[in-house]
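Visitor: Dropping in query-v2.txt, which is compact mmCIF, C-alpha atoms (C1' of nucleotides):
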# COMPACT_ATOMS: atom_id res chain seq x y z
CA MET V 1 -63.33 -92.25 -34.51
CA LYS V 2 -62.83 -94.47 -31.48
CA ILE V 3 -59.23 -94.92 -30.35
CA ALA V 4 -57.90 -97.15 -27.58
CA THR V 5 -54.66 -97.90 -25.74
CA TRP V 6 -53.74 -101.22 -24.12
CA ASN V 7 -50.62 -102.75 -22.63
CA VAL V 8 -51.32 -106.36 -23.63
CA ASN V 9 -48.25 -108.12 -22.15
CA SER V 10 -47.62 -110.28 -25.25
CA VAL V 11 -49.71 -109.87 -28.41
CA ARG V 12 -49.34 -113.55 -29.28
CA ILE V 13 -50.73 -114.82 -25.96
CA ARG V 14 -53.48 -112.17 -25.95
CA LYS V 15 -54.53 -112.02 -29.62
CA GLN V 16 -58.02 -113.46 -29.07
CA ASN V 17 -58.71 -111.12 -26.12
CA ILE V 18 -57.58 -108.19 -28.25
CA LEU V 19 -59.70 -109.21 -31.22
CA ASN V 20 -62.82 -109.64 -29.04
CA PHE V 21 -62.29 -106.20 -27.54
CA LEU V 22 -61.84 -104.52 -30.93
CA VAL V 23 -65.00 -106.10 -32.34
CA ASN V 24 -67.23 -105.73 -29.24
CA GLU V 25 -66.27 -102.10 -28.64
CA LYS V 26 -66.12 -101.09 -32.31
CA ILE V 27 -62.61 -99.70 -32.03
CA ASP V 28 -61.14 -97.91 -35.09
CA VAL V 29 -57.57 -97.39 -33.90
CA ILE V 30 -55.81 -99.52 -31.27
CA CYS V 31 -52.42 -98.67 -29.80
CA LEU V 32 -50.68 -101.62 -28.15
CA GLN V 33 -47.70 -101.77 -25.82
CA GLU V 34 -45.53 -104.66 -24.65
CA ILE V 35 -46.27 -106.80 -27.68
CA LYS V 36 -43.12 -108.78 -26.73
CA THR V 37 -42.35 -110.11 -30.18
CA ILE V 38 -40.60 -109.28 -33.42
CA ASN V 39 -42.61 -108.03 -36.43
CA GLU V 40 -42.26 -111.41 -38.17
CA TYR V 41 -44.34 -113.11 -35.46
CA PHE V 42 -46.99 -110.38 -35.13
CA PRO V 43 -50.48 -111.88 -35.83
CA PHE V 44 -51.40 -109.34 -38.56
CA ASP V 45 -53.90 -111.64 -40.30
CA ILE V 46 -56.53 -111.97 -37.58
CA PHE V 47 -56.73 -108.18 -37.23
CA TYR V 48 -56.65 -107.57 -40.98
CA ASN V 49 -59.67 -109.86 -41.36
CA GLN V 50 -61.65 -107.64 -38.97
CA GLY V 51 -60.93 -104.46 -40.93
CA PHE V 52 -57.64 -103.37 -39.40
CA ILE V 53 -55.95 -103.23 -42.77
CA HIS V 54 -53.57 -100.42 -41.80
CA SER V 55 -50.81 -100.99 -39.30
CA TYR V 56 -47.47 -99.89 -37.99
CA VAL V 57 -45.61 -102.35 -35.79
CA ARG V 58 -42.27 -101.79 -34.13
CA GLY V 59 -41.55 -105.10 -32.46
CA GLU V 60 -38.64 -106.41 -30.47
CA LYS V 61 -37.61 -109.85 -29.26
CA SER V 62 -38.98 -110.75 -25.78
CA TYR V 63 -39.40 -107.24 -24.41
CA ASN V 64 -41.25 -103.98 -25.08
CA GLY V 65 -42.61 -103.40 -28.58
CA VAL V 66 -45.40 -101.04 -29.69
CA ALA V 67 -47.97 -101.24 -32.47
CA VAL V 68 -50.89 -99.38 -34.04
CA LEU V 69 -53.68 -101.20 -35.89
CA SER V 70 -56.15 -99.01 -37.73
CA LYS V 71 -59.25 -99.04 -39.91
CA ILE V 72 -58.37 -95.46 -40.89
CA PRO V 73 -55.53 -95.02 -43.40
CA ILE V 74 -52.16 -94.03 -41.95
CA LYS V 75 -50.33 -91.43 -44.01
CA GLU V 76 -47.11 -91.08 -41.99
CA LYS V 77 -45.14 -93.55 -39.86
CA ASN V 78 -42.17 -92.69 -37.72
CA PHE V 79 -40.45 -93.46 -34.43
CA ASN V 80 -37.94 -92.03 -32.01
CA GLU V 81 -35.22 -93.71 -30.00
CA PHE V 82 -34.52 -92.66 -26.41
CA CYS V 83 -31.56 -92.80 -24.07
CA GLY V 84 -29.25 -94.04 -26.83
CA LEU V 85 -31.04 -97.42 -26.86
CA LYS V 86 -32.64 -99.42 -29.65
CA ASP V 87 -35.57 -100.69 -27.56
CA SER V 88 -39.03 -100.26 -29.12
CA ARG V 89 -40.95 -97.83 -26.92
CA HIS V 90 -42.39 -95.25 -29.29
CA ILE V 91 -44.11 -94.87 -32.62
CA LYS V 92 -45.68 -91.81 -34.17
CA ILE V 93 -48.29 -91.96 -36.87
CA VAL V 94 -50.39 -89.41 -38.74
CA LEU V 95 -53.85 -90.60 -39.74
CA ALA V 96 -55.59 -89.64 -42.98
CA ASN V 97 -57.71 -87.22 -40.92
CA ASP V 98 -54.49 -85.41 -39.85
CA ILE V 99 -54.67 -86.56 -36.23
CA ILE V 100 -51.14 -87.17 -34.91
CA ILE V 101 -50.75 -90.12 -32.54
CA HIS V 102 -47.77 -90.90 -30.31
CA ASN V 103 -47.90 -94.43 -28.84
CA LEU V 104 -45.58 -94.78 -25.83
CA TYR V 105 -44.20 -97.38 -23.50
CA VAL V 106 -42.26 -95.60 -20.75
CA PRO V 107 -39.70 -97.77 -18.84
CA ALA V 108 -41.11 -99.31 -15.64
CA GLY V 109 -38.17 -98.13 -13.55
CA GLY V 110 -37.27 -101.13 -11.37
CA ASP V 111 -37.72 -101.24 -7.61
CA ILE V 112 -35.64 -98.56 -5.90
CA PRO V 113 -36.71 -94.96 -6.65
CA ASP V 114 -33.17 -93.55 -6.65
CA VAL V 115 -31.36 -92.65 -9.87
CA LYS V 116 -27.97 -93.03 -8.18
CA VAL V 117 -28.34 -96.70 -7.28
CA ASN V 118 -30.96 -97.96 -9.75
CA ARG V 119 -30.10 -97.82 -13.45
CA LYS V 120 -33.66 -98.71 -14.42
CA PHE V 121 -35.06 -95.75 -12.50
CA GLN V 122 -32.40 -93.52 -14.05
CA HIS V 123 -33.51 -94.82 -17.46
CA LYS V 124 -37.13 -93.95 -16.69
CA ILE V 125 -36.26 -90.41 -15.57
CA ASN V 126 -33.97 -89.83 -18.57
CA PHE V 127 -36.71 -91.17 -20.85
CA MET V 128 -39.16 -88.60 -19.45
CA LYS V 129 -36.59 -85.81 -19.90
CA GLU V 130 -36.02 -86.77 -23.55
CA LEU V 131 -39.77 -87.07 -24.12
CA ILE V 132 -40.24 -83.51 -22.85
CA LYS V 133 -37.48 -82.32 -25.20
CA LEU V 134 -39.14 -84.15 -28.10
CA PHE V 135 -42.51 -82.51 -27.42
CA ASN V 136 -40.88 -79.11 -27.16
CA TYR V 137 -40.50 -79.15 -30.92
CA HIS V 138 -43.40 -81.48 -31.80
CA LYS V 139 -46.32 -79.31 -30.77
CA SER V 140 -49.60 -79.66 -32.63
CA LYS V 141 -53.24 -78.76 -32.14
CA LYS V 142 -54.35 -82.22 -33.27
CA MET V 143 -52.22 -84.45 -31.10
CA ILE V 144 -53.02 -87.60 -29.10
CA VAL V 145 -50.27 -88.93 -26.82
CA LEU V 146 -51.18 -92.24 -25.26
CA GLY V 147 -49.82 -95.46 -23.85
CA ASP V 148 -48.33 -97.00 -20.74
CA PHE V 149 -46.48 -94.24 -18.89
CA ASN V 150 -45.84 -96.36 -15.79
CA ILE V 151 -46.66 -93.26 -13.75
CA ALA V 152 -49.76 -92.77 -11.59
CA PRO V 153 -49.87 -88.96 -11.49
CA SER V 154 -52.44 -88.00 -8.85
CA GLU V 155 -53.31 -89.28 -5.40
CA TYR V 156 -56.57 -90.64 -6.84
CA ASP V 157 -54.62 -92.72 -9.36
CA VAL V 158 -53.36 -95.16 -6.71
CA TRP V 159 -55.08 -97.28 -4.07
CA SER V 160 -53.05 -95.64 -1.28
CA HIS V 161 -51.33 -92.33 -1.88
CA LYS V 162 -49.50 -92.50 1.43
CA GLN V 163 -48.20 -96.03 0.94
CA LEU V 164 -47.14 -95.51 -2.67
CA LEU V 165 -45.27 -92.22 -2.40
CA LYS V 166 -42.02 -94.18 -2.04
CA VAL V 167 -42.96 -96.79 -4.62
CA VAL V 168 -41.77 -96.47 -8.21
CA SER V 169 -44.67 -95.14 -10.37
CA HIS V 170 -45.96 -92.67 -7.79
CA THR V 171 -42.88 -90.80 -6.46
CA LYS V 172 -42.88 -87.00 -6.60
CA LEU V 173 -39.97 -87.03 -9.07
CA GLU V 174 -42.00 -89.11 -11.54
CA THR V 175 -45.32 -87.31 -11.10
CA ASP V 176 -43.53 -83.95 -11.49
CA TYR V 177 -42.07 -85.08 -14.81
CA PHE V 178 -45.51 -86.27 -15.90
CA LYS V 179 -46.95 -82.82 -15.13
CA LYS V 180 -44.06 -81.14 -16.92
CA LEU V 181 -44.69 -83.29 -19.98
CA ILE V 182 -48.37 -82.32 -20.03
CA ASN V 183 -47.59 -78.63 -19.60
CA THR V 184 -44.92 -78.64 -22.31
CA VAL V 185 -47.27 -79.12 -25.29
CA PRO V 186 -49.72 -78.44 -23.52
CA LEU V 187 -51.87 -81.57 -23.32
CA VAL V 188 -54.95 -82.51 -21.30
CA ASP V 189 -55.32 -85.71 -19.27
CA ILE V 190 -58.69 -86.46 -20.82
CA VAL V 191 -59.34 -89.64 -18.79
CA ARG V 192 -58.98 -87.81 -15.48
CA ASP V 193 -60.98 -84.86 -16.84
CA TYR V 194 -63.80 -87.13 -17.90
CA PHE V 195 -64.18 -88.66 -14.44
CA LYS V 196 -64.51 -86.69 -11.20
CA MET V 197 -61.15 -85.30 -10.05
CA ASP V 198 -61.36 -87.13 -6.70
CA LYS V 199 -62.66 -90.47 -7.97
CA LYS V 200 -60.17 -93.33 -7.76
CA ILE V 201 -59.63 -94.76 -11.23
CA PHE V 202 -57.14 -97.48 -12.17
CA SER V 203 -55.94 -99.21 -15.34
CA TRP V 204 -53.59 -101.80 -13.81
CA TRP V 205 -53.88 -104.44 -11.08
CA SER V 206 -50.97 -106.75 -10.19
CA TYR V 207 -51.06 -110.37 -11.33
CA ARG V 208 -49.95 -111.30 -7.84
CA ASN V 209 -53.26 -110.45 -6.28
CA LYS V 210 -55.79 -113.09 -7.30
CA ASN V 211 -58.53 -111.19 -5.52
CA TRP V 212 -57.76 -108.00 -7.45
CA ARG V 213 -61.29 -106.63 -7.56
CA ALA V 214 -62.05 -107.10 -3.86
CA SER V 215 -58.78 -105.62 -2.61
CA ASN V 216 -58.71 -103.11 -5.52
CA ARG V 217 -55.03 -102.23 -5.06
CA GLY V 218 -54.74 -100.74 -8.53
CA ARG V 219 -52.90 -97.89 -10.17
CA ARG V 220 -53.68 -95.66 -13.19
CA LEU V 221 -50.55 -96.10 -15.29
CA ASP V 222 -52.08 -95.86 -18.77
CA HIS V 223 -53.04 -92.49 -20.17
CA ILE V 224 -54.65 -90.67 -23.06
CA LEU V 225 -53.40 -87.09 -23.38
CA ILE V 226 -54.81 -84.78 -26.05
CA SER V 227 -54.40 -81.27 -27.43
CA LYS V 228 -56.85 -78.74 -25.96
CA ASP V 229 -58.30 -78.15 -29.43
CA LEU V 230 -59.49 -81.77 -29.52
CA ILE V 231 -61.49 -81.61 -26.27
CA ARG V 232 -64.63 -80.33 -27.98
CA PHE V 233 -64.75 -83.45 -30.17
CA VAL V 234 -64.60 -85.95 -27.28
CA ASN V 235 -67.91 -87.72 -26.67
CA SER V 236 -66.86 -90.60 -24.41
CA VAL V 237 -63.99 -92.06 -22.41
CA ILE V 238 -64.18 -95.66 -21.14
CA ILE V 239 -61.93 -97.70 -18.85
CA TYR V 240 -62.70 -101.39 -19.45
CA GLU V 241 -62.19 -102.67 -15.91
CA ASP V 242 -64.14 -105.88 -16.60
CA ILE V 243 -61.48 -107.02 -19.06
CA ARG V 244 -59.19 -107.65 -16.08
CA SER V 245 -61.59 -110.50 -15.15
CA GLU V 246 -61.41 -112.30 -18.49
CA ASN V 247 -59.67 -115.61 -18.90
CA ASN V 248 -55.98 -115.11 -19.59
CA PRO V 249 -55.96 -111.36 -18.91
CA SER V 250 -53.23 -108.75 -19.23
CA ASP V 251 -52.45 -106.96 -15.95
CA HIS V 252 -53.50 -103.73 -17.72
CA VAL V 253 -56.97 -102.97 -19.10
CA PRO V 254 -57.73 -100.98 -22.25
CA ILE V 255 -58.97 -97.38 -22.25
CA SER V 256 -60.85 -95.82 -25.15
CA MET V 257 -61.77 -92.34 -26.27
CA SER V 258 -64.39 -91.58 -28.86
CA LEU V 259 -64.08 -88.42 -30.99
CA ASP V 260 -66.66 -86.87 -33.33
CA ILE V 261 -64.12 -86.66 -36.10
C1' DA U 1 -44.25 -106.65 6.55
C1' DT U 2 -44.23 -110.03 3.04
C1' DG U 3 -45.35 -112.41 -0.91
C1' DG U 4 -48.10 -113.18 -4.12
C1' DC U 5 -48.27 -114.14 -10.82
C1' DG U 6 -47.20 -114.29 -15.80
C1' DC U 7 -44.48 -113.47 -19.93
C1' DG U 8 -40.39 -115.04 -23.28
C1' DG U 9 -36.54 -117.77 -24.00
C1' DT U 10 -29.72 -120.16 -25.40
C1' DC U 11 -36.30 -122.98 -21.79
C1' DA U 12 -37.25 -125.66 -15.90
C1' DC U 13 -34.58 -121.33 -14.27
C1' DC U 14 -33.87 -116.57 -15.00
C1' DG U 15 -34.78 -111.55 -16.19
C1' DC U 16 -38.35 -108.52 -16.21
C1' DG U 17 -42.67 -106.25 -15.16
C1' DA U 18 -44.74 -102.39 -11.39
Would you mind giving the structure from this file in structure tokens?
Guide:
Amino acid sequence: MKIATWNVNSVRIRKQNILNFLVNEKIDVICLQEIKTINEYFPFDIFYNQGFIHSYVRGEKSYNGVAVLSKIPIKEKNFNEFCGLKDSRHIKIVLANDIIIHNLYVPAGGDIPDVKVNRKFQHKINFMKELIKLFNYHKSKKMIVLGDFNIAPSEYDVWSHKQLLKVVSHTKLETDYFKKLINTVPLVDIVRDYFKMDKKIFSWWSYRNKNWRASNRGRRLDHILISKDLIRFVNSVIIYEDIRSENNPSDHVPISMSLDI
DNA sequence: ATGGCGCGGTCACCGCGA
């Protein structure tokens, strides 16, 4: 089973890019974030025609929105709300093979990393707190938690640790909550484990930098976290950096994990 | 140190992303 996560920044604008990726990389389960549309406008047909006959979409007008498309049957579909809001940032599914998948879109957090003056940052921190509570009573040995966390946890997950310590996504408060989340279940950051611990790896490069590859000012904001019991089944982890160079790209690239299950 | 781009939508400006 090959599973991938991708913040696509509009599923309608990006549907051809997504379809090409799914076919070229032989993906079985894709978890999307920021689909930016309501379920009625989701392009189900083009994915269905390529074998993704199972799906769970939780859309929203203009903002957020998460979805799972799968070749493997889905036997349970559910979602949680966070921070008393109705925004679509989470879905949970159980596949026919009993693997539990949580697809997440954590709030970006705005500009100022101070919960007292920035409501968006406060939202992000509260979201992480509620997520930790949720996983306190949702522990499983067959769990995959993935998506756009909008947090770059280690110093090798940003282009400049020193310059980003005061930038939302890499502050100590955020990275501490990320670690706490991982330790709660516990989960393993399989993407970081698969690469060398001190190798810089990114999944996002700003749209504002046209010369993104040369300057390489990226961050690793997208993650695949898995139960320890699943590690022995992992046979590959891929970050598709080249997809950032496609025509009409998202600012995030997909990441996949292949399991012998 | 700053600004740079791209998405959706009460649509040509604005909110939002990170």
Visitor: Let me make sure I understand: among V:Lys71, V:Arg208, V:Lys26, V:Arg58, which one has the smallest atom-to-atom distance to DC5 (chain U) if we use only C-alpha atoms (C1' of nucleotides)?
Guide: V:Arg208
Visitor: Once you count only C-alpha atoms (C1' of nucleotides), which residues of chain U turn out to be within 10 Å of chain V? Could you give them as a list in words?
Guide: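 My answer is DG3, DG4, DC5, DG6, DC7, DG8, DG9, DC16, DG17 and DA18 of chain U.
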Visitor: Can you pull out every residue within 9 Å of Ile18 (chain V), counting only C-alpha atoms (C1' of nucleotides), but drop anything in the same chain fewer than 4 positions away, and send it as a PDB file with C-alpha atoms, in the coordinates of the input?
Guide:
ATOM      1  CA  TRP V   6     -53.740-101.220 -24.120  1.00  0.00           C
ATOM      2  CA  VAL V   8     -51.320-106.360 -23.630  1.00  0.00           C
ATOM      3  CA  VAL V  11     -49.710-109.870 -28.410  1.00  0.00           C
ATOM      4  CA  ARG V  14     -53.480-112.170 -25.950  1.00  0.00           C
ATOM      5  CA  LEU V  22     -61.840-104.520 -30.930  1.00  0.00           C
ATOM      6  CA  VAL V  23     -65.000-106.100 -32.340  1.00  0.00           C
TER       7      VAL V  23
END
Visitor: Separation of CA of Ala214 (chain V) and CA of Ile30 (chain V), in Å?
Guide: 29.1 Å
Visitor: Report as a VMD selection string all protein, DNA and RNA residues lying within 8 Å of Leu187 (chain V), evaluated on all atoms listed in the file, omitting residues in the same chain fewer than 4 positions from it.
Guide: chain V and resid 182 to 183 225 to 228
Visitor: Which residues come within 6 Å of Leu259 (chain V), counting all atoms listed in the file, excluding same-chain residues fewer than 2 positions away, as a PyMOL selection string?
Guide: chain V and resi 1+233-235+261
Visitor: Any chance you could export the current selection's C-alpha atoms as a compact mmCIF listing (two decimals), in the coordinates of the input?
Guide:
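Heads up, here's the output in again10.txt:
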# COMPACT_ATOMS: atom_id res chain seq x y z
CA MET V 1 -63.33 -92.25 -34.51
CA PHE V 233 -64.75 -83.45 -30.17
CA VAL V 234 -64.60 -85.95 -27.28
CA ASN V 235 -67.91 -87.72 -26.67
CA ILE V 261 -64.12 -86.66 -36.10
Visitor: I need the residue nearest Gln163 (chain V) from this list: V:Phe79, V:Ile238, V:Lys133, V:Arg217. Use only C-alpha atoms for the distance.
Guide: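 Checking each of V:Phe79, V:Ile238, V:Lys133, V:Arg217 against Gln163 (chain V), counting only C-alpha atoms, the winner is V:Arg217.
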Visitor: To one decimal place, how far is CA of His102 (chain V) from CA of Val158 (chain V) in Å?
Guide: 24.6 Å
Visitor: Rounded to one decimal, what separation in Å do you get between CA of Ile3 (chain V) and CA of Ile255 (chain V)?
Guide: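 Distance reported for this atom pair: 8.5 Å.
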Visitor: Distance cut-off 10 Å, centre (-49.9, -102.2, -24.7) in file coordinates, counting all atoms listed in the file: which residues qualify? Return them as an NGL selection string.
Guide: :V and (4-11 or 30-36 or 64-68 or 103-105 or 147-148 or 222 or 250 or 252-254)
Visitor: Show me the residues around (-60.1, -89.3, -17.0) - criterion: an atom at most 12 Å away, only C-alpha atoms (C1' of nucleotides) counted - as a VMD selection string.
Guide: chain V and resid 153 to 154 156 to 157 188 to 203 220 to 226 234 236 to 239 255 to 257
Visitor: Given the choices V:Ile27, V:Ile125, V:Asp242, V:Leu95, which gets closest to Thr171 (chain V) if the distance is worked out from all atoms listed in the file?
Guide: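 The shortest atom-to-atom distance to Thr171 (chain V) comes from V:Ile125.
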